[in-house]
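Have a look at the structure below, then the notes.
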Amino acid sequence: MSSDRSKLAFWLLMAPLLIWLVTLIILPHVGMFLVSLREKVGVREYETSFANYAVFFNEPLYWNTFARTAYMSIASTVLTLLIGFPIAYYIAKLTRGRTKTTLFLMCLIPFWVSELVRTFGWMILLRETGVISNVLQYLGLIGGPVEMLYNDAAIMTGLVYTSMLFMVVPLITTLDSLDDSLIEAGYDLGASGFSILREIVIPHAMPGIVSGCIVVFMLSLGNYLTPILLGGKDSLWFTGLIYSQFITRFNWELGSAFGFLLLGLSSLIVFVGLKLSRQSLGKTMAQ
Amino acid sequence: MSDIPDLECRSISKSFDTFKAVRDVSFSVPQGTFFSILGPSGCGKTTLLRMIAGFQKPSGGDLLIKGKSVLDVPPNKRPVSMVFQHLALFPMMNIGANVGFGLRQRGVNKTDVTKQVERVLERVGLGGVADRPVSSLSGGQKQRVAIARCMVLEPDVLLLDEPLGALDLKLREHMKVELKQLQSEFNTTFVYITHDQSEALVMSDQIAVMNHGVFEQVGTAKELYYEPNTAFVAGFVGEANRFGATVDGKTGDAVHMVTSYGQTLLGLNAGHGLSKGDKIDVFVRPEAVRLSRKSSDVAGMENSGQGLVENVLFNGANSQLILRDQMTGAEMNVALPQTGEFRDLKRGDVISFGWASQQTRCYRAGIEK
């Protein structure tokens with residue numbers, strides 16, 4: 001009797017989550033998967049086949065775009081880690097009390113503004129008639145206006161900026177849990193700052209590094225706004241391809257196939273990353 | 001062996017803003033000594049230890065190891081090692097990697113590291129555990145690994161920051177003996193800080209009692225116990241009954257006094273020069289008081305009385321009796337000898353007690369901060 005009631009309570013508590021998962025994640029994906037398997041053979045005539053997937057592998061533009069997206073996302077993840085780690089270390093280990101809270105908030109504040117507005121902010125800074133170009137001209141460092149938008153560096157800047165918080169927060173959490181006396185003990189036993197970082201700090205922070213990297217990588221890979229706005233029309237980003245299949249060309253079949261390929265290939269990259277860093281998803285998430 | 005002490009502090013001090021944590025402390029520790037710094041929490045002992053280890057820079061004074069000033073030597077280059085309060089074993093490494101950490105930093109080659117690690121682990125009685133994770137060890141074993149991790153580097157001085165604090169009572173008693181044995185076996189200078197007087201008394205060759213950033217007294221355990229120089233030491237080391245009293249007269253070192261309860265006692269001037277009328281603090285150890293059922297047994301002692309048993313606090317060998325002096329109403333704590341003679345003593349009984357003037361140590365009141 002009582003176990004029946006606790007079962008009921010369990011399902012009631014799970015209900016919102018299940019409804020959310022089923023209606024918003026699983027059903028659309030099943031639908032999309034079915035759409036992706038339809039091959040158009042005539043007007044309103046479809047056959048079930050993997051032809052849409054074959055298009056991706058047969059057309060170099062598509063998989064080159066994917067490779068470029070993946071490569072840029074990995075680069076932005078690494079860059080975010082390299083910039084975020086010292087910041088997180090400083091906030092977690094070298095500050096206390098109010099300063100800590102203030103610095104943490106300062107990392108958070110940019111996220112009170114919408115991503116669109118933040119990206120336009122970068123455009124105001126980087127464009128030909130923008131702030132940086134004008135300042136450099138005023139200082140006499142450059143002769144004429146210079147265009148800093150619409151290249152890969154601009155995309156990278158935007159991606160790193162957008163995902164910084166998602167790297168810094170898990171890093172601060174793991175570094176916070178590192179006992180200071182471990183660092184002191186390492187120092188006391190004759191280690192240099194570098195070997196303490198390599199042998200003590202990084203192994204301890206590994207779960208945070210991995211979970212931060214997964215989030216940042218996925219965010220970069222799935223980012224649409226930043227590459228389009230900062231990279232200009234010619235910048236090829238895989239999400240842009242999906243968008244144009246769905247919206248511009250009304251080719252939902254190919255768009256769905258691309259969507260699934262993005263899901264599958266990004267999962268594969270994360271899996272390989274986990275294997276290489278000898279971490280497991282469970283260990284990272286338990287953090 | 002040379003005459004140069006392993007560790008020497010010359011009027012070392014440390015201030016944080018306006019707070020002086022350590023004031024002009026000077027001492028030296030000869031080679032192979034087990035030196036303890038004993039004091040209540042907040043007395044500055046941890047600051048002092050961290051200055052020796054190099055984690056904090058002294059505001060003044062000099063610090064010498066084997067006769068050489070190490071003030072400008074960073075902690076990773078100092079010939080001292082430290083056993084941390086919570087041991088600070090690296091959880092991301094196995095036991096062998098923990099112990100070999102320092103050697104690897106020195107660039108010792110792999111086979112030598114393995115060999116030396118195994119040797120030092122055997123010396124602390126943990127041979128063959130090098131491949132196991134740290135978490136597989138018990139509290140006492142972790143302790144030994146932490147010591148092995150330091151000793152493998154053969155430091156001139158080993159610093160220990162209350163490493164027994166986290167252990168349970170039985171294990172702590174056991175580790176006291178073991179630490180002392182390890183120290184004499186390695187013949188390394190140990191500097192041990194603790195707030196637990198029994199740890200300090202049992203293990204140390206020399207003890208410094210620290211309070212408010214200064215050393216109150218440095219001496220052997222016996223000296224501190226029998227001849228405390230200051231009221232603080234008398235109260236902190238061992239148990240003591242403490243009375244307030246006024247000096248009534250003096251003959252040599254003997255002090256005649258009247259306590260606040262009106263008892264007249266004969267005591268020993270242990271601290272500063274006293275004169276008639278001075279307010280003093282008087283300390284008498286519970287175990288220095290002799291009990292007897294017959295008043296004639298204690299009649300010969302300088303201080304004696306008849307007491308009513310207020311309470312018997314039975315705690316095995318550490319049992320105590322709370323007596324109230326029938327004449328004056330003064331309360332006294334007396335150790336209850338477990339010879340069986342007083343086994344049936346109970347509340348409401350009357351018993352005679354007395355103690356010698358040598359055991360009645362008088363200090364000027366108000367000196368202790």
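Simple scheme: letters A, B, ... for chains in structure tokens order, numbers from 1 for residues in each chain, numbers from 1 for ligands in the order shown.
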| field | B:Asp281 surroundings by only C-alpha atoms, 6 Å radius, close-in-sequence under 2 positions cut, as a list in words | value | Phe243, Gly244, Cys362, Tyr363 and Ala365 of chain B
| Non-local contacts of stretch 94-97 of chain B (6 Å; only C-alpha atoms; under 3 positions in same chain excluded) as a list in words | Gly100, Phe101, Ala130, Asp131, Arg132, Pro133 and Val134 of chain B
Since we have the selection now, will you write its residues out, keeping N, CA and C atoms, as a JSON list (two decimals), in the first residue's frame?
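Output below, filename result22.json:
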[["chain", "number", "residue", "atom", "x", "y", "z"],
["B", 100, "GLY", "N", 57.19, 9.46, -3.14],
["B", 100, "GLY", "CA", 58.26, 9.78, -4.08],
["B", 100, "GLY", "C", 58.17, 11.18, -4.66],
["B", 101, "PHE", "N", 57.11, 11.91, -4.33],
["B", 101, "PHE", "CA", 56.88, 13.23, -4.94],
["B", 101, "PHE", "C", 58.09, 14.15, -4.83],
["B", 130, "ALA", "N", 53.08, 0.54, -1.74],
["B", 130, "ALA", "CA", 53.32, 1.68, -2.64],
["B", 130, "ALA", "C", 52.29, 1.80, -3.75],
["B", 131, "ASP", "N", 51.73, 0.68, -4.20],
["B", 131, "ASP", "CA", 50.82, 0.75, -5.35],
["B", 131, "ASP", "C", 49.38, 0.99, -4.96],
["B", 132, "ARG", "N", 49.13, 1.04, -3.65],
["B", 132, "ARG", "CA", 47.72, 1.19, -3.24],
["B", 132, "ARG", "C", 47.34, 2.66, -3.18],
["B", 133, "PRO", "N", 46.03, 2.95, -3.33],
["B", 133, "PRO", "CA", 45.60, 4.35, -3.22],
["B", 133, "PRO", "C", 45.62, 4.81, -1.76],
["B", 134, "VAL", "N", 45.78, 6.11, -1.58],
["B", 134, "VAL", "CA", 45.86, 6.68, -0.24],
["B", 134, "VAL", "C", 44.61, 6.34, 0.57]]
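The shell of residues at most 6 Å from stretch 143-160 of chain A, with only C-alpha atoms counted and near chain neighbours (fewer than 5 positions) removed, consists of Ser76, Thr80, Leu126, Arg127, Glu128, Ser133, Pro227, Leu230, Gly231 and Gly232 of chain A.
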| request: Up to 7 Å from chain B, what residues of chain A turn up? Count only C-alpha atoms and give them as a ChimeraX atom specification. | output: /A:181-182,185,187-191,203-204
| message | I want to know what sits within 9 Å of B:Glu227, based on only C-alpha atoms, with residues of the same chain fewer than 4 positions away left out; could you give that as a PyMOL selection string? | response | chain B and resi 222-223+234+270+361
